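Structure below is run.cif: mmCIF, C-alpha atoms.
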```cif
data_model
loop_
_atom_site.group_PDB
_atom_site.id
_atom_site.type_symbol
_atom_site.label_atom_id
_atom_site.label_comp_id
_atom_site.auth_asym_id
_atom_site.auth_seq_id
_atom_site.Cartn_x
_atom_site.Cartn_y
_atom_site.Cartn_z
ATOM 1 C CA MET A 1 -36.695 -66.937 -24.699
ATOM 2 C CA SER A 2 -37.691 -64.118 -22.573
ATOM 3 C CA SER A 3 -35.141 -61.656 -21.424
ATOM 4 C CA ALA A 4 -36.198 -61.485 -17.814
ATOM 5 C CA PRO A 5 -33.705 -59.898 -15.433
ATOM 6 C CA THR A 6 -31.789 -62.362 -13.378
ATOM 7 C CA ALA A 7 -30.428 -61.896 -9.888
ATOM 8 C CA SER A 8 -26.847 -61.720 -11.112
ATOM 9 C CA ASN A 9 -27.157 -58.658 -13.366
ATOM 10 C CA THR A 10 -29.474 -56.440 -11.308
ATOM 11 C CA THR A 11 -28.424 -54.090 -8.571
ATOM 12 C CA ASP A 12 -30.638 -53.186 -5.695
ATOM 13 C CA ASN A 13 -30.004 -49.632 -4.503
ATOM 14 C CA SER A 14 -31.571 -50.333 -1.144
ATOM 15 C CA GLN A 15 -28.751 -52.718 -0.221
ATOM 16 C CA GLN A 16 -25.716 -50.405 -0.308
ATOM 17 C CA ARG A 17 -22.618 -50.994 1.711
ATOM 18 C CA PRO A 18 -22.398 -49.272 5.072
ATOM 19 C CA PRO A 19 -19.782 -46.477 5.335
ATOM 20 C CA ARG A 20 -16.272 -47.752 5.874
ATOM 21 C CA GLN A 21 -15.129 -47.747 9.480
ATOM 22 C CA ARG A 22 -11.803 -46.065 10.194
ATOM 23 C CA ASN A 23 -9.317 -47.368 12.654
ATOM 24 C CA GLY A 24 -7.680 -44.656 14.722
ATOM 25 C CA PRO A 25 -7.820 -40.860 14.482
ATOM 26 C CA PRO A 26 -8.628 -39.070 11.242
ATOM 27 C CA PRO A 27 -5.704 -38.134 8.993
ATOM 28 C CA PRO A 28 -4.091 -34.759 9.704
ATOM 29 C CA ARG A 29 -5.477 -31.815 7.769
ATOM 30 C CA ARG A 30 -3.271 -29.864 5.435
ATOM 31 C CA GLN A 31 -2.324 -26.418 6.643
ATOM 32 C CA GLY A 32 -3.511 -23.671 4.327
ATOM 33 C CA ARG A 33 -2.129 -20.166 4.016
ATOM 34 C CA ASN A 34 -3.066 -19.273 7.582
ATOM 35 C CA PRO A 35 -2.028 -21.933 10.061
ATOM 36 C CA PRO A 36 -3.920 -22.211 13.358
ATOM 37 C CA PRO A 37 -3.040 -19.535 15.957
ATOM 38 C CA GLN A 38 -0.976 -21.840 18.177
ATOM 39 C CA THR A 39 1.239 -22.823 15.209
ATOM 40 C CA ARG A 40 1.600 -19.213 14.121
ATOM 41 C CA ALA A 41 2.679 -18.102 17.613
ATOM 42 C CA ARG A 42 5.209 -20.919 17.839
ATOM 43 C CA TYR A 43 6.638 -19.938 14.433
ATOM 44 C CA GLN A 44 7.013 -16.307 15.520
ATOM 45 C CA GLN A 45 8.791 -17.349 18.707
ATOM 46 C CA THR A 46 11.327 -19.426 16.809
ATOM 47 C CA THR A 47 12.048 -16.811 14.161
ATOM 48 C CA GLN A 48 12.331 -13.826 16.499
ATOM 49 C CA GLY A 49 15.398 -15.240 18.179
ATOM 50 C CA LEU A 50 17.087 -16.334 14.945
ATOM 51 C CA GLN A 51 16.392 -13.485 12.510
ATOM 52 C CA GLU A 52 18.145 -10.213 13.036
ATOM 53 C CA LYS A 53 17.612 -7.210 10.836
ATOM 54 C CA LYS A 54 20.367 -6.743 8.332
ATOM 55 C CA LYS A 55 22.167 -3.433 8.236
ATOM 56 C CA PRO A 56 21.520 -1.560 4.996
ATOM 57 C CA VAL A 57 24.390 -1.574 2.537
ATOM 58 C CA PHE A 58 24.765 1.938 1.169
ATOM 59 C CA VAL A 59 25.893 2.179 -2.445
ATOM 60 C CA LYS A 60 27.247 5.084 -4.448
ATOM 61 C CA VAL A 61 25.472 6.466 -7.509
ATOM 62 C CA ASP A 62 28.190 5.303 -9.927
ATOM 63 C CA GLN A 63 27.530 1.655 -8.866
ATOM 64 C CA LEU A 64 23.928 1.717 -10.175
ATOM 65 C CA LYS A 65 23.206 -0.501 -13.192
ATOM 66 C CA PRO A 66 20.113 -0.793 -15.443
ATOM 67 C CA GLY A 67 17.318 -3.062 -14.248
ATOM 68 C CA THR A 68 18.535 -3.365 -10.656
ATOM 69 C CA SER A 69 16.578 -2.713 -7.473
ATOM 70 C CA GLY A 70 16.851 -2.737 -3.706
ATOM 71 C CA HIS A 71 19.409 0.064 -3.499
ATOM 72 C CA THR A 72 19.989 2.133 -0.379
ATOM 73 C CA LEU A 73 21.852 5.370 -0.942
ATOM 74 C CA THR A 74 22.359 8.866 0.438
ATOM 75 C CA VAL A 75 22.093 11.615 -2.158
ATOM 76 C CA LYS A 76 21.798 15.375 -2.347
ATOM 77 C CA VAL A 77 19.058 16.983 -4.444
ATOM 78 C CA VAL A 78 20.558 19.433 -6.956
ATOM 79 C CA ASP A 79 17.583 20.446 -9.081
ATOM 80 C CA GLN A 80 13.852 19.773 -9.436
ATOM 81 C CA ASN A 81 11.802 20.142 -12.617
ATOM 82 C CA PRO A 82 8.053 19.453 -12.473
ATOM 83 C CA VAL A 83 6.703 17.378 -15.365
ATOM 84 C CA THR A 84 3.565 18.884 -16.875
ATOM 85 C CA GLN A 85 0.729 16.462 -17.541
ATOM 86 C CA LYS A 86 -0.973 16.447 -20.904
ATOM 87 C CA PRO A 87 -4.641 17.412 -20.575
ATOM 88 C CA GLY A 88 -6.791 14.300 -20.814
ATOM 89 C CA ALA A 89 -3.829 11.978 -20.312
ATOM 90 C CA ALA A 90 -5.152 10.734 -16.977
ATOM 91 C CA SER A 91 -8.708 9.575 -16.463
ATOM 92 C CA SER A 92 -11.076 12.114 -14.989
ATOM 93 C CA HIS A 93 -12.081 9.805 -12.109
ATOM 94 C CA LEU A 94 -8.477 9.309 -10.954
ATOM 95 C CA ARG A 95 -6.702 11.831 -8.799
ATOM 96 C CA PRO A 96 -4.088 13.906 -10.617
ATOM 97 C CA VAL A 97 -0.536 12.614 -10.402
ATOM 98 C CA ARG A 98 2.273 15.039 -9.626
ATOM 99 C CA ILE A 99 5.592 14.053 -11.155
ATOM 100 C CA ALA A 100 8.921 15.842 -10.926
ATOM 101 C CA GLU A 101 12.332 14.928 -12.287
ATOM 102 C CA CYS A 102 15.015 15.704 -9.731
ATOM 103 C CA LEU A 103 18.732 15.655 -10.368
ATOM 104 C CA VAL A 104 20.310 13.876 -7.406
ATOM 105 C CA GLY A 105 23.830 12.675 -6.799
ATOM 106 C CA ASP A 106 26.842 12.184 -4.593
ATOM 107 C CA GLU A 107 30.629 12.520 -4.909
ATOM 108 C CA THR A 108 30.807 9.833 -7.617
ATOM 109 C CA ALA A 109 28.008 10.648 -10.084
ATOM 110 C CA SER A 110 24.517 12.059 -10.577
ATOM 111 C CA ILE A 111 21.252 10.629 -11.912
ATOM 112 C CA LEU A 112 17.686 11.760 -12.528
ATOM 113 C CA PHE A 113 15.210 10.740 -9.845
ATOM 114 C CA THR A 114 11.500 10.456 -10.690
ATOM 115 C CA ALA A 115 9.490 11.811 -7.732
ATOM 116 C CA ARG A 116 5.765 11.073 -7.585
ATOM 117 C CA ASN A 117 2.973 12.724 -5.547
ATOM 118 C CA ASP A 118 4.120 13.203 -1.916
ATOM 119 C CA GLN A 119 7.738 12.542 -2.887
ATOM 120 C CA VAL A 120 7.779 15.842 -4.804
ATOM 121 C CA ASP A 121 7.461 17.791 -1.540
ATOM 122 C CA LEU A 122 10.418 15.943 0.027
ATOM 123 C CA MET A 123 12.789 16.408 -2.900
ATOM 124 C CA LYS A 124 13.585 20.112 -2.614
ATOM 125 C CA PRO A 125 16.892 21.389 -4.037
ATOM 126 C CA GLY A 126 19.652 21.435 -1.438
ATOM 127 C CA THR A 127 18.191 18.713 0.807
ATOM 128 C CA THR A 128 19.997 15.482 1.621
ATOM 129 C CA VAL A 129 17.878 12.326 1.519
ATOM 130 C CA ASN A 130 18.259 8.615 2.201
ATOM 131 C CA LEU A 131 16.622 6.486 -0.479
ATOM 132 C CA ARG A 132 15.743 2.978 0.715
ATOM 133 C CA ASN A 133 14.764 0.152 -1.628
ATOM 134 C CA ALA A 134 15.267 2.359 -4.681
ATOM 135 C CA LYS A 135 15.135 0.868 -8.159
ATOM 136 C CA ILE A 136 16.390 1.746 -11.613
ATOM 137 C CA ASP A 137 13.685 2.306 -14.236
ATOM 138 C CA MET A 138 14.519 2.634 -17.905
ATOM 139 C CA PHE A 139 12.887 5.566 -19.709
ATOM 140 C CA LYS A 140 13.604 6.060 -23.413
ATOM 141 C CA GLY A 141 16.821 4.072 -23.097
ATOM 142 C CA SER A 142 18.240 5.988 -20.128
ATOM 143 C CA MET A 143 18.333 5.230 -16.414
ATOM 144 C CA ARG A 144 16.010 6.875 -13.903
ATOM 145 C CA LEU A 145 16.122 6.308 -10.158
ATOM 146 C CA ALA A 146 12.735 5.774 -8.467
ATOM 147 C CA VAL A 147 11.240 4.722 -5.131
ATOM 148 C CA ASP A 148 7.919 2.893 -5.331
ATOM 149 C CA LYS A 149 5.443 2.042 -2.568
ATOM 150 C CA TRP A 150 7.807 -0.575 -1.133
ATOM 151 C CA GLY A 151 10.605 1.950 -0.675
ATOM 152 C CA ARG A 152 11.155 4.950 1.528
ATOM 153 C CA ILE A 153 12.515 8.489 1.274
ATOM 154 C CA GLU A 154 13.924 9.976 4.486
ATOM 155 C CA VAL A 155 15.110 13.565 4.709
ATOM 156 C CA THR A 156 18.319 13.592 6.760
ATOM 157 C CA GLU A 157 20.499 16.288 8.244
ATOM 158 C CA PRO A 158 22.364 18.257 5.575
ATOM 159 C CA ALA A 159 25.578 16.521 4.596
ATOM 160 C CA ASP A 160 28.607 18.123 2.990
ATOM 161 C CA ILE A 161 28.238 16.400 -0.387
ATOM 162 C CA THR A 162 29.697 17.934 -3.517
ATOM 163 C CA VAL A 163 27.648 16.422 -6.317
ATOM 164 C CA LYS A 164 29.608 15.350 -9.389
ATOM 165 C CA GLU A 165 27.264 16.704 -12.053
ATOM 166 C CA ASP A 166 29.576 16.047 -15.017
ATOM 167 C CA ASN A 167 29.067 12.272 -14.597
ATOM 168 C CA ASN A 168 25.289 12.100 -15.170
ATOM 169 C CA LEU A 169 24.251 8.460 -15.545
ATOM 170 C CA SER A 170 20.893 9.477 -17.047
ATOM 171 C CA LEU A 171 22.648 10.868 -20.123
ATOM 172 C CA VAL A 172 24.059 7.443 -21.007
ATOM 173 C CA GLU A 173 21.759 5.737 -23.499
ATOM 174 C CA TYR A 174 21.332 1.973 -23.285
ATOM 175 C CA GLU A 175 20.029 -0.398 -25.918
ATOM 176 C CA LEU A 176 18.388 -3.743 -25.214
ATOM 177 C CA VAL A 177 20.142 -6.481 -27.186
ATOM 178 C CA ASN A 178 18.670 -9.965 -27.509
ATOM 179 C CA VAL A 179 21.344 -12.657 -27.316
ATOM 180 C CA GLU A 180 20.499 -15.937 -29.024
#
```
Entire entry expressed as C-alpha cells:
Amino acid sequence: MSSAPTASNTTDNSQQRPPRQRNGPPPPRRQGRNPPPQTRARYQQTTQGLQEKKKPVFVKVDQLKPGTSGHTLTVKVVDQNPVTQKPGAASSHLRPVRIAECLVGDETASILFTARNDQVDLMKPGTTVNLRNAKIDMFKGSMRLAVDKWGRIEVTEPADITVKEDNNLSLVEYELVNVE
C-alpha cells in the first residue's frame, strides 16, 4: 500500500476562510490613562462643582506621633544648628546638600526639624513658620519633623508663641517592636 495523501487529511493554504464580517459598530475601546479630551473636559466640569478645598487642620506639636504624615502646624524656630557633611559622603557629581537641625515648637512642646537646602534659609531663629504636609521621620530611634518636596514651608508674621522647650519630643527614644 502506498501512503499517498488523501483529500481528507491535506490542507490547502490557498483556500482560507474570508475574514469574519461584523454586524454593527466595532466594540468600544478601553480608555487608557489619558482619556480623550472631550471626556477629560467633562470630568473636570463635574468635579469642579462638587469638590471644594478642605480647610487645613492645624495640630499642636504634642499631638505628633512616630510614622505619621500630612501634618499642618504653626511653629516658632528657636535654634538652628548646621549639620556638617563628611568629606566624600556625597558623590562628586551631585550638588552638595545643606542640612540643618532646627529646634521648633509651640506652647505645648518642641521637636527637632530637619531643614534641607533652601529650607535652611527660611528656618532662621525667631521666625514663625507654617509647615504644610509635614511628616515625622525616625532617626536613631527619635522623632524628627521634616517637609519633603510634597510639603511647603511658609514664613508668616511673627506670632507671640512661647515655646515649651522642656517638653522636647525628639529626646524621647522609641523602639520598634514586632508583634506576632
How would you write as a compact mmCIF listing (two decimals) with C-alpha atoms, keeping the file's coordinate frame the residues that get within 7 Å of (18.0, -1.4, 2.9) in the file's frame, counting all atoms listed in the file?
```txt
# COMPACT_ATOMS: atom_id res chain seq x y z
CA PRO A 56 21.52 -1.56 5.00
CA VAL A 57 24.39 -1.57 2.54
CA GLY A 70 16.85 -2.74 -3.71
CA HIS A 71 19.41 0.06 -3.50
CA THR A 72 19.99 2.13 -0.38
CA ARG A 132 15.74 2.98 0.72
CA ASN A 133 14.76 0.15 -1.63
```
* One decimal, Å: what's the distance from CA of Ala159 in chain A over to CA of Thr128 in chain A, could you say? =>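 Spanning CA of Ala159 in chain A to CA of Thr128 in chain A is a straight-line distance of 6.4 Å.
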Which residues, named as in the file, does the PyMOL selection byres ((chain A and resi 79) around 8) pick out? Answer as a PDB file with C-alpha atoms, keeping the file's coordinate frame.
```pdb
ATOM      1  CA  VAL A  77      19.058  16.983  -4.444  1.00  0.00           C
ATOM      2  CA  VAL A  78      20.558  19.433  -6.956  1.00  0.00           C
ATOM      3  CA  GLN A  80      13.852  19.773  -9.436  1.00  0.00           C
ATOM      4  CA  ASN A  81      11.802  20.142 -12.617  1.00  0.00           C
ATOM      5  CA  CYS A 102      15.015  15.704  -9.731  1.00  0.00           C
ATOM      6  CA  LEU A 103      18.732  15.655 -10.368  1.00  0.00           C
ATOM      7  CA  VAL A 104      20.310  13.876  -7.406  1.00  0.00           C
ATOM      8  CA  LYS A 124      13.585  20.112  -2.614  1.00  0.00           C
ATOM      9  CA  PRO A 125      16.892  21.389  -4.037  1.00  0.00           C
ATOM     10  CA  GLY A 126      19.652  21.435  -1.438  1.00  0.00           C
TER      11      GLY A 126
END
```
* Asked: Using all atoms listed in the file, which residues sit within 7 Å of Leu131 in chain A once same-chain residues fewer than 4 positions away are excluded, as a list in words?
  ->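 With the cut-off at 7 Å, the set is Thr72, Leu73, Thr74, Arg152, Ile153 and Glu154 of chain A.
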Just the selected residues (C-alpha atoms), exported as a PDB file, in the coordinates of the input, please.
```pdb
ATOM      1  CA  THR A  72      19.989   2.133  -0.379  1.00  0.00           C
ATOM      2  CA  LEU A  73      21.852   5.370  -0.942  1.00  0.00           C
ATOM      3  CA  THR A  74      22.359   8.866   0.438  1.00  0.00           C
ATOM      4  CA  ARG A 152      11.155   4.950   1.528  1.00  0.00           C
ATOM      5  CA  ILE A 153      12.515   8.489   1.274  1.00  0.00           C
ATOM      6  CA  GLU A 154      13.924   9.976   4.486  1.00  0.00           C
TER       7      GLU A 154
END
```
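Against the coordinates shown, the PyMOL selection byres ((chain A and resi 134-150) around 8) returns A:Leu64, A:Lys65, A:Pro66, A:Gly67, A:Thr68, A:Ser69, A:Gly70, A:His71, A:Thr72, A:Ile111, A:Leu112, A:Phe113, A:Thr114, A:Ala115, A:Leu131, A:Arg132, A:Asn133, A:Gly151, A:Arg152, A:Ile153, A:Leu169, A:Ser170, A:Leu171, A:Val172, A:Glu173, A:Tyr174, A:Glu175.
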* State, in Å with one decimal place, the distance from CA of Thr156 in chain A to CA of Arg95 in chain A. => 29.5 Å
* To do: Report the distance between CA of Val83 in chain A and CA of Lys164 in chain A in Å, rounded to one decimal place.
  =>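 Computing it gives 23.8 Å between the two atoms.
Distance annotation: of A:Ala109, A:Met123, A:Val177, A:Val61, the residue with the minimal separation from Glu165 in chain A is A:Ala109; atom set is only C-alpha atoms.
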* **Among listed residues A:Thr162, A:Asn178, A:Thr108, A:Asn130, nearest Lys60 in chain A (using only C-alpha atoms)** =>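 Answer, going by the shortest atom-to-atom distance: A:Thr108.
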Please put the answer as AutoDock Vina command-line options: centre and edge lengths, in Å with one decimal, of a box along x, y and z that encloses all listed atoms of range 95-107 of chain A plus 4 Å on each side.
```
--center_x 12.0 --center_y 13.8 --center_z -8.4 --size_x 45.3 --size_y 12.0 --size_z 15.7
```
